[in-house]
>>> print(open('structure_8.txt').read())   # compact mmCIF, N, CA and C atoms and all ligand atoms
# COMPACT_ATOMS: atom_id res chain seq x y z
N MET A 1324 96.82 110.96 88.32
CA MET A 1324 96.90 109.78 87.43
C MET A 1324 98.34 109.27 87.37
N LEU A 1325 98.47 108.00 87.67
CA LEU A 1325 99.78 107.36 87.66
C LEU A 1325 99.89 106.52 86.38
N LYS A 1326 101.07 106.55 85.79
CA LYS A 1326 101.25 105.75 84.57
C LYS A 1326 102.28 104.65 84.80
N ILE A 1327 102.00 103.49 84.23
CA ILE A 1327 102.92 102.35 84.35
C ILE A 1327 103.17 101.77 82.97
N ARG A 1328 104.43 101.51 82.68
CA ARG A 1328 104.75 100.84 81.42
C ARG A 1328 104.16 99.43 81.46
N LYS A 1329 103.59 99.02 80.34
CA LYS A 1329 102.91 97.72 80.24
C LYS A 1329 103.83 96.57 80.64
N SER A 1330 105.07 96.61 80.16
CA SER A 1330 106.02 95.52 80.45
C SER A 1330 106.31 95.43 81.95
N ILE A 1331 106.35 96.59 82.62
CA ILE A 1331 106.63 96.61 84.06
C ILE A 1331 105.43 96.08 84.83
N HIS A 1332 104.24 96.49 84.40
CA HIS A 1332 103.01 96.02 85.03
C HIS A 1332 102.96 94.49 84.97
N GLU A 1333 103.28 93.94 83.80
CA GLU A 1333 103.25 92.48 83.62
C GLU A 1333 104.29 91.78 84.49
N SER A 1334 105.50 92.35 84.52
CA SER A 1334 106.54 91.66 85.29
C SER A 1334 106.27 91.73 86.79
N MET A 1335 105.66 92.82 87.25
CA MET A 1335 105.29 92.92 88.68
C MET A 1335 104.27 91.85 89.04
N VAL A 1336 103.22 91.77 88.23
CA VAL A 1336 102.14 90.82 88.51
C VAL A 1336 102.66 89.38 88.43
N ASN A 1337 103.48 89.09 87.42
CA ASN A 1337 104.06 87.74 87.30
C ASN A 1337 104.90 87.40 88.51
N TYR A 1338 105.69 88.36 88.95
CA TYR A 1338 106.55 88.14 90.12
C TYR A 1338 105.70 87.88 91.37
N LEU A 1339 104.72 88.74 91.62
CA LEU A 1339 103.92 88.63 92.84
C LEU A 1339 103.06 87.37 92.85
N ASP A 1340 102.69 86.90 91.65
CA ASP A 1340 101.90 85.67 91.54
C ASP A 1340 102.69 84.41 91.89
N ARG A 1341 104.00 84.54 91.90
CA ARG A 1341 104.83 83.36 92.18
C ARG A 1341 104.79 82.94 93.65
N PHE A 1342 104.32 83.82 94.53
CA PHE A 1342 104.36 83.54 95.97
C PHE A 1342 102.95 83.33 96.50
N ASP A 1343 102.84 82.44 97.50
CA ASP A 1343 101.52 82.26 98.10
C ASP A 1343 101.39 83.10 99.37
N TYR A 1344 102.35 84.00 99.58
CA TYR A 1344 102.26 84.95 100.67
C TYR A 1344 102.51 86.36 100.09
N GLU A 1345 102.47 87.38 100.93
CA GLU A 1345 102.65 88.75 100.43
C GLU A 1345 104.10 89.00 100.05
N GLU A 1346 104.28 89.59 98.89
CA GLU A 1346 105.61 90.02 98.46
C GLU A 1346 105.48 91.41 97.86
N GLY A 1347 106.61 92.03 97.53
CA GLY A 1347 106.51 93.37 96.99
C GLY A 1347 107.83 93.90 96.49
N GLY A 1348 107.89 95.21 96.34
CA GLY A 1348 109.11 95.82 95.85
C GLY A 1348 108.95 97.32 95.69
N VAL A 1349 109.97 97.91 95.08
CA VAL A 1349 110.03 99.36 94.92
C VAL A 1349 109.73 99.72 93.47
N LEU A 1350 109.08 100.86 93.29
CA LEU A 1350 108.73 101.34 91.95
C LEU A 1350 109.55 102.58 91.61
N LEU A 1351 110.26 102.49 90.50
CA LEU A 1351 111.09 103.62 90.08
C LEU A 1351 110.55 104.21 88.79
N GLY A 1352 110.89 105.48 88.57
CA GLY A 1352 110.49 106.11 87.32
C GLY A 1352 110.70 107.60 87.40
N GLU A 1353 110.09 108.31 86.45
CA GLU A 1353 110.13 109.78 86.51
C GLU A 1353 108.89 110.38 85.88
N ASP A 1354 108.60 111.60 86.24
CA ASP A 1354 107.43 112.33 85.75
C ASP A 1354 106.14 111.52 85.90
N GLY A 1355 106.00 110.81 87.00
CA GLY A 1355 104.79 110.05 87.24
C GLY A 1355 104.63 108.80 86.40
N VAL A 1356 105.70 108.39 85.72
CA VAL A 1356 105.64 107.17 84.91
C VAL A 1356 106.56 106.11 85.52
N ILE A 1357 105.97 104.99 85.95
CA ILE A 1357 106.76 103.91 86.53
C ILE A 1357 107.38 103.09 85.40
N ASP A 1358 108.72 103.02 85.41
CA ASP A 1358 109.39 102.27 84.35
C ASP A 1358 110.36 101.20 84.87
N GLU A 1359 110.33 100.99 86.20
CA GLU A 1359 111.19 99.95 86.75
C GLU A 1359 110.61 99.42 88.05
N PHE A 1360 110.73 98.12 88.23
CA PHE A 1360 110.26 97.44 89.45
C PHE A 1360 111.42 96.64 90.03
N ILE A 1361 111.73 96.91 91.30
CA ILE A 1361 112.79 96.14 91.96
C ILE A 1361 112.16 95.34 93.10
N PRO A 1362 112.16 94.01 92.98
CA PRO A 1362 111.58 93.17 94.04
C PRO A 1362 112.35 93.33 95.34
N MET A 1363 111.64 93.28 96.46
CA MET A 1363 112.30 93.32 97.76
C MET A 1363 111.71 92.26 98.69
N THR A 1364 112.60 91.56 99.37
CA THR A 1364 112.22 90.44 100.21
C THR A 1364 111.29 90.84 101.36
N ASN A 1365 110.29 90.02 101.59
CA ASN A 1365 109.40 90.21 102.73
C ASN A 1365 110.02 89.55 103.96
N VAL A 1366 110.31 90.35 104.99
CA VAL A 1366 110.91 89.80 106.21
C VAL A 1366 109.91 89.76 107.37
N SER A 1367 108.65 89.94 107.07
CA SER A 1367 107.63 89.88 108.12
C SER A 1367 107.54 88.46 108.68
N SER A 1368 107.22 88.36 109.95
CA SER A 1368 107.02 87.04 110.55
C SER A 1368 105.60 86.53 110.26
N MET A 1369 104.78 87.39 109.67
CA MET A 1369 103.42 87.00 109.29
C MET A 1369 103.21 87.28 107.81
N LYS A 1370 104.01 86.61 106.98
CA LYS A 1370 104.02 86.89 105.54
C LYS A 1370 102.68 86.72 104.84
N GLN A 1371 101.81 85.91 105.43
CA GLN A 1371 100.51 85.68 104.80
C GLN A 1371 99.67 86.96 104.79
N SER A 1372 99.91 87.80 105.77
CA SER A 1372 99.03 88.97 105.89
C SER A 1372 99.78 90.28 106.04
N LEU A 1373 101.11 90.22 105.98
CA LEU A 1373 101.86 91.46 106.19
C LEU A 1373 103.14 91.47 105.36
N TYR A 1374 103.36 92.60 104.69
CA TYR A 1374 104.59 92.77 103.91
C TYR A 1374 105.49 93.76 104.61
N LYS A 1375 106.71 93.32 104.87
CA LYS A 1375 107.68 94.20 105.52
C LYS A 1375 109.00 94.10 104.75
N MET A 1376 109.45 95.23 104.23
CA MET A 1376 110.67 95.22 103.41
C MET A 1376 111.90 94.93 104.24
N GLU A 1377 112.84 94.27 103.61
CA GLU A 1377 114.12 94.00 104.26
C GLU A 1377 114.87 95.34 104.33
N PRO A 1378 115.19 95.82 105.53
CA PRO A 1378 115.74 97.18 105.68
C PRO A 1378 117.05 97.42 104.93
N GLY A 1379 117.93 96.41 104.89
CA GLY A 1379 119.21 96.56 104.19
C GLY A 1379 119.02 96.76 102.70
N GLU A 1380 118.14 95.94 102.12
CA GLU A 1380 117.85 96.04 100.68
C GLU A 1380 117.26 97.42 100.38
N TRP A 1381 116.33 97.82 101.24
CA TRP A 1381 115.66 99.11 101.05
C TRP A 1381 116.68 100.25 101.06
N LEU A 1382 117.60 100.22 102.01
CA LEU A 1382 118.60 101.28 102.14
C LEU A 1382 119.47 101.37 100.88
N GLN A 1383 119.87 100.20 100.38
CA GLN A 1383 120.69 100.16 99.17
C GLN A 1383 119.96 100.77 97.97
N ILE A 1384 118.71 100.35 97.80
CA ILE A 1384 117.91 100.86 96.69
C ILE A 1384 117.69 102.36 96.85
N PHE A 1385 117.42 102.77 98.07
CA PHE A 1385 117.17 104.19 98.35
C PHE A 1385 118.39 105.03 98.00
N LYS A 1386 119.57 104.59 98.44
CA LYS A 1386 120.80 105.34 98.18
C LYS A 1386 121.07 105.50 96.70
N LYS A 1387 120.85 104.41 95.97
CA LYS A 1387 121.16 104.37 94.54
C LYS A 1387 120.16 105.14 93.69
N ASN A 1388 118.88 105.14 94.13
CA ASN A 1388 117.80 105.62 93.25
C ASN A 1388 116.95 106.72 93.86
N LYS A 1389 117.49 107.40 94.86
CA LYS A 1389 116.73 108.39 95.62
C LYS A 1389 115.78 109.23 94.77
N ASP A 1390 116.29 109.72 93.64
CA ASP A 1390 115.51 110.65 92.82
C ASP A 1390 114.47 109.96 91.94
N ARG A 1391 114.53 108.64 91.88
CA ARG A 1391 113.63 107.91 90.97
C ARG A 1391 112.57 107.08 91.68
N ILE A 1392 112.57 107.13 93.01
CA ILE A 1392 111.59 106.32 93.74
C ILE A 1392 110.21 106.99 93.69
N LEU A 1393 109.25 106.28 93.10
CA LEU A 1393 107.90 106.82 93.01
C LEU A 1393 106.96 106.17 94.01
N GLY A 1394 107.33 104.99 94.51
CA GLY A 1394 106.47 104.33 95.47
C GLY A 1394 106.84 102.88 95.67
N THR A 1395 105.88 102.15 96.23
CA THR A 1395 106.10 100.73 96.50
C THR A 1395 104.88 99.93 96.05
N ILE A 1396 105.10 98.64 95.88
CA ILE A 1396 103.97 97.75 95.61
C ILE A 1396 104.09 96.54 96.54
N HIS A 1397 102.96 96.01 96.98
CA HIS A 1397 102.97 94.71 97.64
C HIS A 1397 101.66 94.00 97.34
N SER A 1398 101.68 92.69 97.53
CA SER A 1398 100.49 91.92 97.20
C SER A 1398 99.66 91.65 98.45
N HIS A 1399 98.39 91.45 98.23
CA HIS A 1399 97.50 90.93 99.27
C HIS A 1399 97.03 89.58 98.77
N THR A 1400 97.12 88.57 99.62
CA THR A 1400 96.80 87.22 99.15
C THR A 1400 95.29 86.94 99.17
N VAL A 1401 94.65 87.28 100.27
CA VAL A 1401 93.21 87.01 100.35
C VAL A 1401 92.39 88.28 100.56
N LYS A 1402 93.06 89.30 101.11
CA LYS A 1402 92.34 90.55 101.35
C LYS A 1402 92.12 91.28 100.03
N LEU A 1403 91.23 92.25 100.06
CA LEU A 1403 91.00 93.07 98.87
C LEU A 1403 92.18 94.00 98.66
N ALA A 1404 92.24 94.57 97.47
CA ALA A 1404 93.34 95.49 97.15
C ALA A 1404 93.07 96.88 97.70
N THR A 1405 92.87 96.98 98.99
CA THR A 1405 92.80 98.29 99.64
C THR A 1405 93.77 98.27 100.82
N PRO A 1406 94.30 99.44 101.21
CA PRO A 1406 95.32 99.47 102.26
C PRO A 1406 94.78 98.93 103.59
N SER A 1407 95.59 98.11 104.24
CA SER A 1407 95.23 97.61 105.56
C SER A 1407 95.61 98.68 106.59
N LYS A 1408 95.23 98.47 107.83
CA LYS A 1408 95.60 99.40 108.90
C LYS A 1408 97.12 99.57 108.96
N THR A 1409 97.83 98.44 108.83
CA THR A 1409 99.29 98.48 108.88
C THR A 1409 99.85 99.25 107.70
N ASP A 1410 99.24 99.08 106.53
CA ASP A 1410 99.71 99.82 105.35
C ASP A 1410 99.60 101.32 105.58
N VAL A 1411 98.52 101.73 106.22
CA VAL A 1411 98.31 103.16 106.46
C VAL A 1411 99.33 103.71 107.46
N SER A 1412 99.78 102.85 108.38
CA SER A 1412 100.75 103.35 109.36
C SER A 1412 102.19 103.14 108.92
N ASN A 1413 102.43 102.24 107.96
CA ASN A 1413 103.82 101.92 107.58
C ASN A 1413 104.28 102.44 106.24
N LEU A 1414 103.51 102.16 105.21
CA LEU A 1414 103.99 102.39 103.85
C LEU A 1414 103.58 103.77 103.37
N CYS A 1415 104.50 104.70 103.36
CA CYS A 1415 104.09 106.03 102.93
C CYS A 1415 105.17 106.72 102.10
N MET A 1416 106.03 105.94 101.46
CA MET A 1416 107.03 106.51 100.55
C MET A 1416 106.39 106.60 99.18
N GLY A 1417 105.96 107.78 98.81
CA GLY A 1417 105.32 107.96 97.51
C GLY A 1417 103.99 107.24 97.45
N ILE A 1418 103.71 106.70 96.27
CA ILE A 1418 102.43 106.05 96.06
C ILE A 1418 102.50 104.58 96.50
N THR A 1419 101.39 104.06 97.01
CA THR A 1419 101.33 102.66 97.42
C THR A 1419 100.46 101.89 96.44
N LEU A 1420 101.08 100.93 95.77
CA LEU A 1420 100.31 100.06 94.89
C LEU A 1420 100.05 98.75 95.62
N ILE A 1421 98.85 98.24 95.45
CA ILE A 1421 98.50 96.96 96.05
C ILE A 1421 97.95 96.05 94.96
N TYR A 1422 98.51 94.85 94.90
CA TYR A 1422 98.03 93.86 93.95
C TYR A 1422 97.23 92.81 94.69
N SER A 1423 95.97 92.72 94.40
CA SER A 1423 95.14 91.69 95.00
C SER A 1423 95.23 90.43 94.16
N LYS A 1424 95.76 89.36 94.77
CA LYS A 1424 95.89 88.10 94.05
C LYS A 1424 94.52 87.49 93.82
N GLN A 1425 93.56 87.85 94.68
CA GLN A 1425 92.22 87.33 94.55
C GLN A 1425 91.52 87.96 93.33
N ASP A 1426 91.64 89.27 93.21
CA ASP A 1426 90.97 90.00 92.13
C ASP A 1426 91.83 90.12 90.88
N LYS A 1427 93.12 89.75 90.99
CA LYS A 1427 94.07 89.92 89.87
C LYS A 1427 94.07 91.38 89.40
N LEU A 1428 94.15 92.27 90.38
CA LEU A 1428 94.01 93.69 90.08
C LEU A 1428 95.04 94.51 90.85
N VAL A 1429 95.67 95.46 90.15
CA VAL A 1429 96.59 96.39 90.81
C VAL A 1429 95.87 97.72 91.00
N ARG A 1430 95.89 98.24 92.24
CA ARG A 1430 95.29 99.55 92.49
C ARG A 1430 96.31 100.46 93.17
N ALA A 1431 96.15 101.76 92.98
CA ALA A 1431 97.12 102.72 93.51
C ALA A 1431 96.47 103.59 94.58
N PHE A 1432 97.22 103.88 95.64
CA PHE A 1432 96.69 104.68 96.74
C PHE A 1432 97.69 105.72 97.20
N LYS A 1433 97.15 106.87 97.56
CA LYS A 1433 97.97 107.88 98.24
C LYS A 1433 97.57 107.80 99.71
N ILE A 1434 98.58 107.63 100.54
CA ILE A 1434 98.31 107.43 101.97
C ILE A 1434 98.83 108.62 102.77
N ASN A 1435 97.94 109.19 103.59
CA ASN A 1435 98.38 110.17 104.59
C ASN A 1435 98.67 109.38 105.84
N ARG A 1436 99.92 109.27 106.20
CA ARG A 1436 100.33 108.36 107.25
C ARG A 1436 99.45 108.46 108.50
N ASN A 1437 98.94 107.30 108.89
CA ASN A 1437 98.12 107.15 110.10
C ASN A 1437 96.79 107.89 110.04
N ILE A 1438 96.46 108.48 108.90
CA ILE A 1438 95.23 109.27 108.86
C ILE A 1438 94.23 108.70 107.86
N SER A 1439 94.60 108.70 106.61
CA SER A 1439 93.62 108.31 105.59
C SER A 1439 94.32 107.89 104.31
N TRP A 1440 93.54 107.43 103.34
CA TRP A 1440 94.09 107.12 102.03
C TRP A 1440 93.02 107.40 100.99
N PHE A 1441 93.48 107.67 99.77
CA PHE A 1441 92.51 107.73 98.68
C PHE A 1441 93.11 107.09 97.44
N GLU A 1442 92.23 106.62 96.58
CA GLU A 1442 92.68 105.88 95.42
C GLU A 1442 93.04 106.82 94.28
N ASP A 1443 94.07 106.44 93.54
CA ASP A 1443 94.49 107.18 92.35
C ASP A 1443 94.29 106.27 91.14
N ASP A 1444 94.07 106.86 89.98
CA ASP A 1444 93.89 106.06 88.76
C ASP A 1444 95.24 105.60 88.22
N ILE A 1445 95.23 104.44 87.59
CA ILE A 1445 96.44 103.93 86.95
C ILE A 1445 96.18 103.83 85.44
N GLU A 1446 97.10 104.35 84.67
CA GLU A 1446 97.01 104.15 83.24
C GLU A 1446 98.19 103.31 82.80
N ILE A 1447 97.90 102.25 82.05
CA ILE A 1447 98.96 101.39 81.56
C ILE A 1447 99.35 101.88 80.16
N ILE A 1448 100.63 102.21 80.01
CA ILE A 1448 101.08 102.76 78.72
C ILE A 1448 102.15 101.86 78.11
N LYS A 1449 102.45 102.07 76.83
CA LYS A 1449 103.45 101.24 76.13
C LYS A 1449 104.84 101.54 76.59
ZN ZN B 1 98.99 95.57 102.62
>>> encode(input="structure_8.txt", output="structure tokens", more="lines below")
Ligand SMILES: [Zn+2]
Amino acid sequence: MLKIRKSIHESMVNYLDRFDYEEGGVLLGEDGVIDEFIPMTNVSSMKQSLYKMEPGEWLQIFKKNKDRILGTIHSHTVKLATPSKTDVSNLCMGITLIYSKQDKLVRAFKINRNISWFEDDIEIIK
């Protein structure tokens, strides 16, 4: 079970809703509680269907927050909020959150790189 502070959940969704293509960012926190969201630029050449973090931004955030990184989030614009093939092969730092703009829903996944994924529950806390 993953926990997210209500204010962080809202700011993530508001941020991701601002774009008509996939966007995302890094999730920080401790003891399984996400308490910070840092947006990161999508540098994919196919932003409508693929989220790719800007490597320089990622490195900076990683260096600064190594011990607090719990995972990442990115949006899906038309697809459902389940990991795509690319997500399963690329995004495997901690937990992967996907926000479906179609369903207005955030879901959490644990991904075994290139193998499989399963869904984890999210609890929104104060
Ligand atoms: Zn995806």
>>> residues_around(input="structure_8.txt", residues="region 1356-1366 of chain A", least_positions_apart="2", cutoff="5 Å", atoms="all atoms listed in the file", output="PDB file with N, CA and C atoms, keeping the file's coordinate frame")
ATOM      1  N   LYS A1326     101.070 106.550  85.790  1.00  0.00           N
ATOM      2  CA  LYS A1326     101.250 105.750  84.570  1.00  0.00           C
ATOM      3  C   LYS A1326     102.280 104.650  84.800  1.00  0.00           C
ATOM      4  N   ILE A1327     102.000 103.490  84.230  1.00  0.00           N
ATOM      5  CA  ILE A1327     102.920 102.350  84.350  1.00  0.00           C
ATOM      6  C   ILE A1327     103.170 101.770  82.970  1.00  0.00           C
ATOM      7  N   ARG A1328     104.430 101.510  82.680  1.00  0.00           N
ATOM      8  CA  ARG A1328     104.750 100.840  81.420  1.00  0.00           C
ATOM      9  C   ARG A1328     104.160  99.430  81.460  1.00  0.00           C
ATOM     10  N   GLY A1347     106.610  92.030  97.530  1.00  0.00           N
ATOM     11  CA  GLY A1347     106.510  93.370  96.990  1.00  0.00           C
ATOM     12  C   GLY A1347     107.830  93.900  96.490  1.00  0.00           C
ATOM     13  N   GLY A1348     107.890  95.210  96.340  1.00  0.00           N
ATOM     14  CA  GLY A1348     109.110  95.820  95.850  1.00  0.00           C
ATOM     15  C   GLY A1348     108.950  97.320  95.690  1.00  0.00           C
ATOM     16  N   VAL A1349     109.970  97.910  95.080  1.00  0.00           N
ATOM     17  CA  VAL A1349     110.030  99.360  94.920  1.00  0.00           C
ATOM     18  C   VAL A1349     109.730  99.720  93.470  1.00  0.00           C
ATOM     19  N   LEU A1350     109.080 100.860  93.290  1.00  0.00           N
ATOM     20  CA  LEU A1350     108.730 101.340  91.950  1.00  0.00           C
ATOM     21  C   LEU A1350     109.550 102.580  91.610  1.00  0.00           C
ATOM     22  N   LEU A1351     110.260 102.490  90.500  1.00  0.00           N
ATOM     23  CA  LEU A1351     111.090 103.620  90.080  1.00  0.00           C
ATOM     24  C   LEU A1351     110.550 104.210  88.790  1.00  0.00           C
ATOM     25  N   GLY A1352     110.890 105.480  88.570  1.00  0.00           N
ATOM     26  CA  GLY A1352     110.490 106.110  87.320  1.00  0.00           C
ATOM     27  C   GLY A1352     110.700 107.600  87.400  1.00  0.00           C
ATOM     28  N   GLU A1353     110.090 108.310  86.450  1.00  0.00           N
ATOM     29  CA  GLU A1353     110.130 109.780  86.510  1.00  0.00           C
ATOM     30  C   GLU A1353     108.890 110.380  85.880  1.00  0.00           C
ATOM     31  N   ASP A1354     108.600 111.600  86.240  1.00  0.00           N
ATOM     32  CA  ASP A1354     107.430 112.330  85.750  1.00  0.00           C
ATOM     33  C   ASP A1354     106.140 111.520  85.900  1.00  0.00           C
ATOM     34  N   SER A1368     107.220  88.360 109.950  1.00  0.00           N
ATOM     35  CA  SER A1368     107.020  87.040 110.550  1.00  0.00           C
ATOM     36  C   SER A1368     105.600  86.530 110.260  1.00  0.00           C
ATOM     37  N   LYS A1375     106.710  93.320 104.870  1.00  0.00           N
ATOM     38  CA  LYS A1375     107.680  94.200 105.520  1.00  0.00           C
ATOM     39  C   LYS A1375     109.000  94.100 104.750  1.00  0.00           C
ATOM     40  N   MET A1376     109.450  95.230 104.230  1.00  0.00           N
ATOM     41  CA  MET A1376     110.670  95.220 103.410  1.00  0.00           C
ATOM     42  C   MET A1376     111.900  94.930 104.240  1.00  0.00           C
ATOM     43  N   GLU A1377     112.840  94.270 103.610  1.00  0.00           N
ATOM     44  CA  GLU A1377     114.120  94.000 104.260  1.00  0.00           C
ATOM     45  C   GLU A1377     114.870  95.340 104.330  1.00  0.00           C
TER      46      GLU A1377
END
>>> closest_atom_pairs(input="structure_8.txt", of="chain A", to="ligand ZN 1 (chain B)", cutoff="6 Å", atoms="all atoms listed in the file", output="CSV")
residue,atom,partner,partner_atom,distance
A:Tyr1374,N,B:ZN1,ZN,5.7
A:Ser1398,C,B:ZN1,ZN,5.8
A:His1399,CA,B:ZN1,ZN,5.9
A:Pro1406,CA,B:ZN1,ZN,5.4
A:Ser1407,N,B:ZN1,ZN,4.5
A:Asp1410,CA,B:ZN1,ZN,5.1
>>> axis_aligned_box(input="structure_8.txt", around="region 1352-1358 of chain A", padding_each_side="5 Å", output="lines of an AutoDock Vina configuration file")
center_x = 107.8
center_y = 106.8
center_z = 86.5
size_x = 16.3
size_y = 21.1
size_z = 14.2
>>> atom_distance(input="structure_8.txt", atom1="CA of Tyr1338 (chain A)", atom2="CA of Ser1372 (chain A)")
17.5 Å
>>> closest_residue(input="structure_8.txt", among="A:Ser1423, A:Asn1337, A:Thr1400, A:Thr1405", to="Leu1373 (chain A)", atoms="only C-alpha atoms")
A:Thr1400
>>> atom_distance(input="structure_8.txt", atom1="CA of Ala1404 (chain A)", atom2="CA of Ile1384 (chain A)")
25.2 Å
